[in-house]
file input-v2.txt (compact mmCIF, C-alpha atoms)
# COMPACT_ATOMS: atom_id res chain seq x y z
CA MET A 1 -8.92 34.45 -3.22
CA THR A 2 -10.97 32.08 -1.10
CA PRO A 3 -10.37 28.36 -0.81
CA PRO A 4 -13.10 25.84 -1.69
CA GLN A 5 -15.43 25.05 1.19
CA ARG A 6 -15.83 21.65 2.76
CA ARG A 7 -19.40 20.57 3.40
CA ARG A 8 -19.88 18.24 6.32
CA ARG A 9 -21.32 14.94 5.34
CA TYR A 10 -23.40 14.93 8.50
CA PRO A 11 -25.07 18.14 9.61
CA LYS A 12 -24.13 18.85 13.20
CA GLU A 13 -27.73 18.76 14.41
CA GLU A 14 -28.22 15.20 13.20
CA PRO A 15 -28.41 12.61 15.99
CA PRO A 16 -25.26 10.57 16.48
CA ASP A 17 -24.97 7.23 14.76
CA PRO A 18 -26.81 4.43 16.55
CA PRO A 19 -24.64 2.29 18.78
CA GLY A 20 -23.44 -0.98 17.39
CA LYS A 21 -22.73 0.61 14.08
CA GLY A 22 -19.60 -1.46 14.06
CA GLY A 23 -17.59 1.02 12.05
CA GLU A 24 -17.85 1.50 8.34
CA ASP A 25 -20.47 -1.13 7.56
CA GLY A 26 -23.29 1.03 8.80
CA ARG A 27 -21.89 4.13 7.26
CA ASP A 28 -24.34 6.29 5.46
CA THR A 29 -22.80 6.98 2.11
CA SER A 30 -25.61 9.14 0.83
CA GLY A 31 -23.57 12.26 1.38
CA ASP A 32 -20.41 10.76 -0.06
CA GLN A 33 -19.04 13.03 -2.71
CA ASP A 34 -17.77 10.01 -4.57
CA GLY A 35 -20.70 7.61 -4.51
CA LYS A 36 -18.82 4.64 -5.85
CA HIS A 37 -16.96 4.26 -2.57
CA GLY A 38 -20.18 3.12 -0.97
CA THR A 39 -20.96 0.48 -3.56
CA GLU A 40 -17.42 -0.77 -3.60
CA THR A 41 -17.12 -1.22 0.11
CA LYS A 42 -20.56 -2.64 0.84
CA PRO A 43 -20.25 -6.27 -0.26
CA ARG A 44 -17.48 -7.14 2.09
CA LYS A 45 -16.64 -10.75 1.46
CA ASN A 46 -12.90 -10.63 1.85
CA PRO A 47 -11.36 -12.70 4.63
CA GLU A 48 -9.69 -9.63 6.12
CA ARG A 49 -13.02 -8.36 7.33
CA LEU A 50 -13.99 -11.67 8.85
CA TYR A 51 -10.70 -11.79 10.64
CA THR A 52 -11.08 -8.24 11.86
CA ILE A 53 -14.48 -8.94 13.31
CA THR A 54 -13.76 -12.27 14.97
CA GLY A 55 -10.24 -11.44 16.08
CA GLY A 56 -9.08 -14.73 14.62
CA ASP A 57 -10.18 -16.83 17.58
CA GLU A 58 -13.58 -17.96 16.39
CA ALA A 59 -12.46 -18.51 12.84
CA GLY A 60 -9.33 -20.20 14.10
CA ASP A 61 -7.44 -19.22 10.98
CA ARG A 62 -5.37 -16.18 11.88
CA ALA A 63 -3.79 -14.65 14.92
CA ALA A 64 -4.77 -11.06 15.75
CA LEU A 65 -1.72 -9.32 14.35
CA ASP A 66 -1.40 -5.59 13.85
CA LEU A 67 0.88 -3.93 11.31
CA VAL A 68 3.12 -2.93 14.21
CA THR A 69 3.00 -6.12 16.26
CA LEU A 70 6.68 -6.89 16.87
CA ILE A 71 7.73 -10.44 15.97
CA VAL A 72 10.80 -12.15 17.41
CA ALA A 73 12.07 -15.63 16.59
CA ARG A 74 12.35 -17.89 19.63
CA ALA A 75 15.36 -19.77 18.25
CA ASP A 76 18.39 -18.56 16.30
CA VAL A 77 18.17 -21.28 13.66
CA PRO A 78 14.93 -22.23 11.85
CA PRO A 79 14.00 -25.91 12.19
CA PRO A 80 15.00 -27.96 9.12
CA ALA A 81 11.38 -28.88 8.43
CA ALA A 82 10.28 -25.25 8.00
CA GLN A 83 8.92 -24.10 4.64
CA PRO A 84 11.13 -21.68 2.67
CA GLU A 85 8.79 -18.76 3.43
CA GLN A 86 8.83 -19.62 7.12
CA SER A 87 12.60 -20.00 7.16
CA ALA A 88 13.00 -16.61 5.52
CA LEU A 89 10.62 -15.09 8.02
CA LEU A 90 12.39 -16.69 10.98
CA ARG A 91 15.77 -15.47 9.75
CA LEU A 92 14.43 -11.92 9.40
CA CYS A 93 13.09 -11.74 12.91
CA THR A 94 16.08 -12.91 14.90
CA ALA A 95 15.86 -9.28 16.08
CA PRO A 96 12.37 -7.79 16.63
CA LEU A 97 10.62 -6.68 13.44
CA SER A 98 7.09 -5.42 12.87
CA VAL A 99 4.66 -7.39 10.72
CA ALA A 100 4.74 -4.44 8.29
CA GLU A 101 8.53 -4.72 7.93
CA LEU A 102 8.29 -8.49 7.43
CA SER A 103 5.71 -7.88 4.70
CA ALA A 104 8.00 -5.32 3.06
CA TYR A 105 11.20 -7.37 3.18
CA LEU A 106 9.49 -10.57 2.01
CA SER A 107 7.47 -8.69 -0.66
CA LEU A 108 4.41 -10.55 0.53
CA PRO A 109 0.99 -9.04 1.22
CA PHE A 110 0.26 -8.25 4.84
CA SER A 111 -2.53 -10.88 4.96
CA VAL A 112 -0.19 -13.61 3.66
CA VAL A 113 2.40 -12.72 6.29
CA THR A 114 -0.24 -12.94 9.03
CA VAL A 115 -1.15 -16.47 7.86
CA LEU A 116 2.51 -17.53 7.91
CA LEU A 117 2.95 -15.96 11.35
CA THR A 118 -0.16 -17.67 12.70
CA GLU A 119 1.45 -21.04 11.92
CA LEU A 120 4.75 -19.97 13.44
CA LEU A 121 3.00 -18.67 16.56
CA ALA A 122 1.07 -21.95 16.92
CA ALA A 123 4.34 -23.86 16.59
CA GLU A 124 5.89 -21.53 19.19
CA LEU A 125 8.69 -20.63 16.82
CA VAL A 126 8.05 -16.88 17.15
CA GLN A 127 6.88 -14.55 19.86
CA ALA A 128 4.48 -11.65 19.20
CA ARG A 129 4.78 -8.40 21.16
CA ALA A 130 1.44 -6.66 20.96
CA PRO A 131 1.30 -2.98 20.01
CA ILE A 132 -0.02 -0.26 22.28
CA VAL A 133 -3.27 0.91 20.75
CA ARG A 134 -5.14 4.13 21.35
CA GLN A 135 -7.33 3.98 24.40
CA ALA A 136 -10.44 5.95 25.22
CA LEU A 137 -8.28 7.67 27.81
CA PRO A 138 -4.81 7.97 26.26
CA ASP A 139 -1.84 7.16 28.43
CA ARG A 140 -0.17 10.51 29.11
CA SER A 141 3.18 9.01 30.03
CA LEU A 142 3.21 7.15 26.70
CA LEU A 143 2.48 10.38 24.80
CA GLU A 144 5.20 12.17 26.77
CA ALA A 145 7.69 9.42 25.96
CA VAL A 146 6.92 9.75 22.25
CA MET A 147 7.29 13.55 22.43
CA HIS A 148 10.60 13.20 24.20
CA GLY A 149 11.80 10.77 21.53
CA LEU A 150 10.72 13.08 18.70
CA GLN A 151 12.53 16.02 20.26
CA LYS A 152 15.79 14.11 19.91
CA LEU A 153 15.33 13.79 16.13
CA MET B 1 3.92 -19.37 -5.19
CA ASP B 2 7.37 -19.36 -6.63
CA PHE B 3 9.38 -18.35 -3.65
CA LYS B 4 13.05 -17.64 -3.96
CA SER B 5 15.61 -19.18 -1.69
CA SER B 6 15.57 -17.44 1.64
CA ASP B 7 19.24 -16.58 1.17
CA THR B 8 18.28 -14.02 -1.46
CA ILE B 9 15.62 -12.30 0.64
CA PRO B 10 16.78 -8.79 1.48
CA GLY B 11 16.51 -8.00 5.13
CA PRO B 12 17.21 -5.00 7.29
CA ARG B 13 20.75 -3.67 7.28
CA ALA B 14 22.64 -4.39 10.47
CA GLU B 15 22.12 -0.80 11.64
CA ASP B 16 18.38 -1.10 10.98
CA HIS B 17 17.89 -3.89 13.51
CA LEU B 18 15.77 -3.01 16.50
CA PRO B 19 17.28 -3.80 19.89
CA HIS B 20 16.03 -6.98 21.56
CA THR B 21 14.64 -4.75 24.30
CA ALA B 22 12.01 -3.37 21.88
CA THR B 23 8.79 -4.56 23.43
CA ALA B 24 6.06 -2.29 22.10
CA ALA B 25 5.20 -0.21 19.09
CA VAL B 26 2.80 2.64 18.39
CA LYS B 27 1.74 4.10 15.07
CA ILE B 28 0.75 7.39 13.52
CA VAL B 29 -1.00 7.57 10.16
CA ILE B 30 -0.18 10.24 7.60
CA VAL B 31 -3.12 10.46 5.25
CA GLY B 32 -3.65 12.50 2.12
CA GLY B 33 -4.22 12.43 -1.61
CA PHE B 34 -1.83 11.07 -4.18
CA GLY B 35 1.25 13.20 -4.62
CA VAL B 36 0.68 15.35 -1.56
CA GLY B 37 3.98 14.27 0.00
CA LYS B 38 3.10 11.46 2.43
CA THR B 39 6.10 9.31 1.56
CA THR B 40 8.32 12.40 1.51
CA MET B 41 7.27 13.21 5.07
CA VAL B 42 7.74 9.60 6.22
CA GLY B 43 11.20 9.56 4.64
CA ALA B 44 12.15 12.89 6.18
CA VAL B 45 11.84 11.63 9.75
CA SER B 46 12.29 7.86 9.43
CA GLU B 47 15.45 6.18 10.72
CA ILE B 48 15.09 3.53 8.01
CA LYS B 49 14.64 4.03 4.28
CA PRO B 50 10.85 3.99 3.80
CA LEU B 51 9.52 0.50 3.16
CA THR B 52 6.40 -0.61 1.35
CA THR B 53 3.83 -3.09 2.56
CA GLU B 54 1.28 -4.37 0.11
CA GLU B 55 -2.16 -5.83 0.26
CA THR B 56 -4.34 -7.22 -2.47
CA MET B 57 -7.84 -5.94 -2.83
CA THR B 58 -10.40 -8.14 -4.55
CA GLN B 59 -13.31 -6.38 -6.12
CA ALA B 60 -16.13 -7.37 -8.41
CA GLY B 61 -15.32 -6.65 -12.01
CA ILE B 62 -17.14 -3.99 -13.94
CA GLY B 63 -19.92 -5.21 -16.18
CA VAL B 64 -20.88 -8.26 -14.15
CA ASP B 65 -24.10 -8.71 -16.11
CA ASP B 66 -22.25 -8.92 -19.38
CA ASN B 67 -20.00 -11.63 -18.07
CA TYR B 68 -22.53 -13.63 -16.13
CA GLY B 69 -21.09 -16.93 -14.99
CA SER B 70 -17.53 -16.05 -15.81
CA GLU B 71 -14.81 -15.02 -13.42
CA THR B 72 -15.23 -11.30 -12.92
CA LYS B 73 -13.20 -10.73 -9.79
CA THR B 74 -10.03 -8.74 -10.15
CA ALA B 75 -7.29 -8.27 -7.63
CA THR B 76 -5.70 -4.86 -7.19
CA THR B 77 -2.52 -4.42 -5.27
CA VAL B 78 -2.48 -1.46 -2.93
CA ALA B 79 0.80 -0.26 -1.47
CA MET B 80 1.47 1.73 1.66
CA ASP B 81 4.83 3.28 2.53
CA PHE B 82 6.00 3.45 6.08
CA GLY B 83 8.94 4.44 8.23
CA ARG B 84 10.16 3.97 11.77
CA ILE B 85 11.48 6.05 14.66
CA SER B 86 12.95 4.39 17.74
CA ILE B 87 11.63 6.34 20.72
CA THR B 88 13.36 4.46 23.53
CA GLU B 89 15.09 1.10 23.86
CA GLN B 90 11.62 -0.34 24.47
CA LEU B 91 9.28 1.76 22.36
CA VAL B 92 9.12 2.13 18.57
CA LEU B 93 7.00 4.57 16.55
CA TYR B 94 5.87 3.62 13.05
CA LEU B 95 4.58 6.13 10.52
CA PHE B 96 2.26 4.96 7.76
CA GLY B 97 1.49 7.05 4.71
CA THR B 98 -1.89 5.94 3.41
CA PRO B 99 -4.11 7.05 0.56
CA GLY B 100 -7.21 9.00 1.45
CA GLN B 101 -9.70 6.57 -0.05
CA GLU B 102 -11.48 4.76 2.73
CA ARG B 103 -11.71 1.51 0.80
CA PHE B 104 -7.96 1.08 1.29
CA TRP B 105 -8.22 1.46 5.03
CA PHE B 106 -9.90 -1.92 5.56
CA LEU B 107 -7.00 -3.78 4.01
CA TRP B 108 -4.72 -3.32 6.96
CA ASN B 109 -6.38 -4.42 10.14
CA GLY B 110 -6.81 -1.63 12.66
CA LEU B 111 -4.70 0.85 10.69
CA PHE B 112 -6.57 3.83 12.10
CA GLU B 113 -8.32 2.32 15.11
CA GLY B 114 -5.05 1.46 16.81
CA ALA B 115 -3.16 4.57 15.77
CA LEU B 116 -2.32 7.29 18.31
CA GLY B 117 -3.61 9.81 15.80
CA ALA B 118 -3.36 11.03 12.24
CA VAL B 119 -1.76 13.81 10.23
CA VAL B 120 -3.88 15.01 7.30
CA LEU B 121 -1.36 16.25 4.75
CA VAL B 122 -2.94 18.89 2.53
CA ASP B 123 -1.97 20.49 -0.77
CA THR B 124 -3.83 23.82 -0.98
CA ARG B 125 -3.87 23.53 -4.78
CA ARG B 126 -6.19 20.56 -4.29
CA LEU B 127 -7.80 21.35 -0.95
CA GLU B 128 -11.00 19.47 -1.82
CA VAL B 129 -9.10 16.15 -1.93
CA SER B 130 -8.82 16.32 1.87
CA PHE B 131 -12.51 16.96 2.53
CA ASP B 132 -13.56 13.30 2.52
CA VAL B 133 -10.55 12.23 4.55
CA ILE B 134 -11.32 14.74 7.29
CA GLY B 135 -14.97 13.62 7.37
CA ARG B 136 -13.96 9.99 7.74
CA LEU B 137 -11.53 10.67 10.57
CA GLU B 138 -14.22 12.67 12.36
CA GLU B 139 -16.69 9.79 11.97
CA ARG B 140 -14.19 7.29 13.32
CA GLY B 141 -13.16 9.49 16.22
CA VAL B 142 -9.51 9.47 15.18
CA PRO B 143 -7.76 12.60 16.54
CA PHE B 144 -5.91 14.47 13.79
CA VAL B 145 -4.02 17.64 12.92
CA ILE B 146 -3.79 19.36 9.55
CA ALA B 147 -0.38 19.85 7.93
CA ILE B 148 -0.27 22.14 4.92
CA ASN B 149 2.58 21.00 2.68
CA ASP B 150 3.76 24.39 1.49
CA PHE B 151 4.42 23.86 -2.22
CA PRO B 152 6.04 26.97 -3.76
CA ASP B 153 3.26 27.53 -6.30
CA ALA B 154 0.39 26.70 -3.94
CA PRO B 155 -2.05 29.45 -2.98
CA GLY B 156 -1.00 30.91 0.35
CA TYR B 157 -4.34 31.04 2.12
CA PRO B 158 -4.26 32.40 5.66
CA ILE B 159 -4.62 29.64 8.25
CA GLU B 160 -7.95 31.00 9.45
CA ASP B 161 -9.35 30.92 5.91
CA LEU B 162 -8.26 27.31 5.67
CA ARG B 163 -9.84 26.53 9.03
CA ALA B 164 -13.12 28.00 7.82
CA ALA B 165 -12.88 26.22 4.47
CA LEU B 166 -12.15 22.88 6.15
CA ASP B 167 -14.90 23.55 8.72
CA LEU B 168 -12.65 22.72 11.65
CA SER B 169 -13.10 23.80 15.23
CA ASP B 170 -10.55 26.13 16.81
CA ASP B 171 -8.85 23.42 18.84
CA ILE B 172 -7.67 21.37 15.86
CA PRO B 173 -4.12 22.46 15.01
CA ILE B 174 -3.29 23.55 11.46
CA ILE B 175 0.41 23.88 10.70
CA LYS B 176 2.33 24.74 7.55
CA CYS B 177 5.27 22.51 6.76
CA ASP B 178 7.85 21.48 4.22
CA ALA B 179 7.52 17.70 4.12
CA ARG B 180 11.01 17.37 2.61
CA ARG B 181 12.65 18.76 5.73
CA ARG B 182 13.21 16.62 8.79
CA ALA B 183 12.82 19.46 11.31
CA SER B 184 9.61 20.65 9.69
CA SER B 185 8.08 17.16 9.52
CA ARG B 186 9.20 16.50 13.09
CA ASP B 187 7.37 19.69 14.13
CA VAL B 188 4.20 18.34 12.52
CA LEU B 189 4.47 15.13 14.55
CA MET B 190 5.18 17.16 17.69
CA THR B 191 2.08 19.25 16.99
CA LEU B 192 0.03 16.07 16.78
CA MET B 193 1.55 14.71 19.99
CA ARG B 194 0.91 17.96 21.89
CA PHE B 195 -2.69 17.91 20.61
CA LEU B 196 -3.13 14.30 21.76
CA HIS B 197 -1.61 15.23 25.11
CA SER B 198 -4.03 18.12 25.53
CA LEU B 199 -6.91 15.76 24.73
CA ALA B 200 -5.62 13.36 27.36
CA MET B 201 -5.43 16.18 29.91
CA THR B 202 -8.99 17.36 29.28
CA SER B 203 -10.56 13.89 29.07
CA THR B 204 -9.08 12.64 32.32
CA PRO B 205 -11.20 13.32 35.40
CA ALA B 206 -9.46 15.56 37.89

call {"tool": "encode", "arguments": {"input": "input-v2.txt", "output": "structure tokens"}}
result
Amino acid sequence: MTPPQRRRRYPKEEPPDPPGKGGEDGRDTSGDQDGKHGTETKPRKNPERLYTITGGDEAGDRAALDLVTLIVARADVPPPAAQPEQSALLRLCTAPLSVAELSAYLSLPFSVVTVLLTELLAAELVQARAPIVRQALPDRSLLEAVMHGLQKL
Amino acid sequence: MDFKSSDTIPGPRAEDHLPHTATAAVKIVIVGGFGVGKTTMVGAVSEIKPLTTEETMTQAGIGVDDNYGSETKTATTVAMDFGRISITEQLVLYLFGTPGQERFWFLWNGLFEGALGAVVLVDTRRLEVSFDVIGRLEERGVPFVIAINDFPDAPGYPIEDLRAALDLSDDIPIIKCDARRRASSRDVLMTLMRFLHSLAMTSTPA
């Protein structure tokens, strides 16, 4: 019995994508086995994309927060003027918690949590500890630390 | 939004708190079709019970022409399960199990771009489900390994047949696993880390 065969969407001899493709927006979906993906993802009007592109600075509406940015409250007790959502968030992150965990515990969408956190960051009520993201040249000592940690599991 | 009193918000259990020394986090993405065992694998190695983060996806309704002028946008909630492994007192690893459809990947900023790498979890009964996922990771330059979740009634193709079928070069690891078992899922993550390490060794100038 032979398994089904994957067909590459881009033949190997095709020239690489032009620079400045900017990720998925320039993606050629002609070879997509499921054509509707292309039409669904093309008209990208959602604020998440805007935020992703501008990094939040130009738009001034959201801080650049990753799913695994660690958030820590700067004070033990939320200020009395804080909104209920903000108070809940501040109570949760008396110890460091990722944005993903905050989203899960508050049952709020990730984008809503980033808006709440942007306000709290501006008010200096929380501190954000940026994640380590993949580099063009990965940090070997980081990879070795992760391997060592996994071996202890 | 009707938001309940913050006293009723469930939070992490005391033993699930990260130490205050935790300063940085990294992530690995486990990607595959529905029912392939992503959440099972996350749960097998996570130190916390897997959690779910949600995002709402707005899309134009079907039949826009028929409803011209009326509200045709619909919001779909997409969920993603994740788990956590504390590596050191300073470093935390998060594992995200995400559906294979690329349209979900935009919802969480930098989900793949910032990840160390990805595990493509494959069910050989539905091998073709993974074809698009593999193509997308290749396009985005996200390093990945293939983990075959060895379901009892799945066809037991030899690894090299699978490599040929998936059109993968020899250097990309393919490993069989049982996503329910911690040791087996840990081995998959170790395989990914060793692969990433070998890439780091070869890409660094001597």

call {"tool": "closest_residue", "arguments": {"input": "input-v2.txt", "among": "A:Gln151, A:Thr118, A:Gln5, A:Ser107", "to": "Ile71 (chain A)", "atoms": "only C-alpha atoms"}}
result
A:Thr118

call {"tool": "atom_distance", "arguments": {"input": "input-v2.txt", "atom1": "CA of Val77 (chain A)", "atom2": "CA of Leu90 (chain A)"}}
result
7.9 Å

call {"tool": "closest_residue", "arguments": {"input": "input-v2.txt", "among": "B:Ser46, B:Thr56, B:Thr76, B:Ser130", "to": "Gly32 (chain B)", "atoms": "all atoms listed in the file"}}
result
B:Ser130

call {"tool": "closest_residue", "arguments": {"input": "input-v2.txt", "among": "B:Gln90, B:Thr40, B:Thr124, B:Ser203", "to": "Tyr157 (chain B)", "atoms": "all atoms listed in the file"}}
result
B:Thr124

call {"tool": "atom_distance", "arguments": {"input": "input-v2.txt", "atom1": "CA of Leu199 (chain B)", "atom2": "CA of Val146 (chain A)"}}
result
15.3 Å

call {"tool": "atom_distance", "arguments": {"input": "input-v2.txt", "atom1": "CA of Val142 (chain B)", "atom2": "CA of Leu192 (chain B)"}}
result
11.7 Å

call {"tool": "residues_around", "arguments": {"input": "input-v2.txt", "residues": "Gly83 (chain B)", "least_positions_apart": "6", "cutoff": "10 Å", "atoms": "all atoms listed in the file", "output": "list in words"}}
result
Ala100 and Glu101 of chain A; Lys27, Thr39, Met41, Val42, Gly43, Ala44, Val45, Ser46, Glu47, Ile48, Lys49, Pro50, Leu51, Thr52, Leu93, Tyr94, Leu95, Phe96 and Gly97 of chain B

call {"tool": "closest_residue", "arguments": {"input": "input-v2.txt", "among": "A:Pro79, A:Ala145, A:Leu120, A:Pro3", "to": "Arg126 (chain B)", "atoms": "only C-alpha atoms"}}
result
A:Pro3

call {"tool": "build_atoms", "arguments": {"input": "input-v2.txt", "residues": "region 35-48 of chain B", "atoms": "N, CA, C and O atoms", "output": "PDB file, keeping the file's coordinate frame"}}
result
ATOM      1  N   GLY B  35       0.320  12.141  -4.263  1.00  0.00           N
ATOM      2  CA  GLY B  35       1.250  13.200  -4.620  1.00  0.00           C
ATOM      3  C   GLY B  35       1.315  14.362  -3.655  1.00  0.00           C
ATOM      4  O   GLY B  35       1.953  15.371  -3.939  1.00  0.00           O
ATOM      5  N   VAL B  36       0.698  14.232  -2.501  1.00  0.00           N
ATOM      6  CA  VAL B  36       0.680  15.350  -1.560  1.00  0.00           C
ATOM      7  C   VAL B  36       1.950  15.377  -0.701  1.00  0.00           C
ATOM      8  O   VAL B  36       2.246  16.381  -0.071  1.00  0.00           O
ATOM      9  N   GLY B  37       2.692  14.272  -0.712  1.00  0.00           N
ATOM     10  CA  GLY B  37       3.980  14.270   0.000  1.00  0.00           C
ATOM     11  C   GLY B  37       4.033  13.349   1.203  1.00  0.00           C
ATOM     12  O   GLY B  37       4.893  13.510   2.064  1.00  0.00           O
ATOM     13  N   LYS B  38       3.139  12.361   1.265  1.00  0.00           N
ATOM     14  CA  LYS B  38       3.100  11.460   2.430  1.00  0.00           C
ATOM     15  C   LYS B  38       4.419  10.706   2.588  1.00  0.00           C
ATOM     16  O   LYS B  38       5.009  10.686   3.671  1.00  0.00           O
ATOM     17  N   THR B  39       4.872  10.086   1.491  1.00  0.00           N
ATOM     18  CA  THR B  39       6.100   9.310   1.560  1.00  0.00           C
ATOM     19  C   THR B  39       7.298  10.217   1.818  1.00  0.00           C
ATOM     20  O   THR B  39       8.238   9.842   2.522  1.00  0.00           O
ATOM     21  N   THR B  40       7.248  11.426   1.270  1.00  0.00           N
ATOM     22  CA  THR B  40       8.320  12.400   1.510  1.00  0.00           C
ATOM     23  C   THR B  40       8.422  12.697   2.997  1.00  0.00           C
ATOM     24  O   THR B  40       9.517  12.720   3.575  1.00  0.00           O
ATOM     25  N   MET B  41       7.280  12.908   3.634  1.00  0.00           N
ATOM     26  CA  MET B  41       7.270  13.210   5.070  1.00  0.00           C
ATOM     27  C   MET B  41       7.758  12.007   5.877  1.00  0.00           C
ATOM     28  O   MET B  41       8.558  12.167   6.805  1.00  0.00           O
ATOM     29  N   VAL B  42       7.284  10.808   5.516  1.00  0.00           N
ATOM     30  CA  VAL B  42       7.740   9.600   6.220  1.00  0.00           C
ATOM     31  C   VAL B  42       9.256   9.490   6.102  1.00  0.00           C
ATOM     32  O   VAL B  42       9.971   9.276   7.084  1.00  0.00           O
ATOM     33  N   GLY B  43       9.768   9.691   4.870  1.00  0.00           N
ATOM     34  CA  GLY B  43      11.200   9.560   4.640  1.00  0.00           C
ATOM     35  C   GLY B  43      12.012  10.609   5.360  1.00  0.00           C
ATOM     36  O   GLY B  43      13.160  10.372   5.745  1.00  0.00           O
ATOM     37  N   ALA B  44      11.417  11.792   5.558  1.00  0.00           N
ATOM     38  CA  ALA B  44      12.150  12.890   6.180  1.00  0.00           C
ATOM     39  C   ALA B  44      12.481  12.610   7.648  1.00  0.00           C
ATOM     40  O   ALA B  44      13.502  13.058   8.154  1.00  0.00           O
ATOM     41  N   VAL B  45      11.622  11.857   8.318  1.00  0.00           N
ATOM     42  CA  VAL B  45      11.840  11.630   9.750  1.00  0.00           C
ATOM     43  C   VAL B  45      12.206  10.185  10.092  1.00  0.00           C
ATOM     44  O   VAL B  45      12.653   9.905  11.196  1.00  0.00           O
ATOM     45  N   SER B  46      12.059   9.271   9.134  1.00  0.00           N
ATOM     46  CA  SER B  46      12.290   7.860   9.430  1.00  0.00           C
ATOM     47  C   SER B  46      13.766   7.547   9.611  1.00  0.00           C
ATOM     48  O   SER B  46      14.611   8.114   8.915  1.00  0.00           O
ATOM     49  N   GLU B  47      14.065   6.622  10.532  1.00  0.00           N
ATOM     50  CA  GLU B  47      15.450   6.180  10.720  1.00  0.00           C
ATOM     51  C   GLU B  47      15.819   5.087   9.723  1.00  0.00           C
ATOM     52  O   GLU B  47      16.991   4.765   9.568  1.00  0.00           O
ATOM     53  N   ILE B  48      14.825   4.503   9.069  1.00  0.00           N
ATOM     54  CA  ILE B  48      15.090   3.530   8.010  1.00  0.00           C
ATOM     55  C   ILE B  48      14.602   4.111   6.687  1.00  0.00           C
ATOM     56  O   ILE B  48      13.758   5.001   6.682  1.00  0.00           O
TER      57      ILE B  48
END
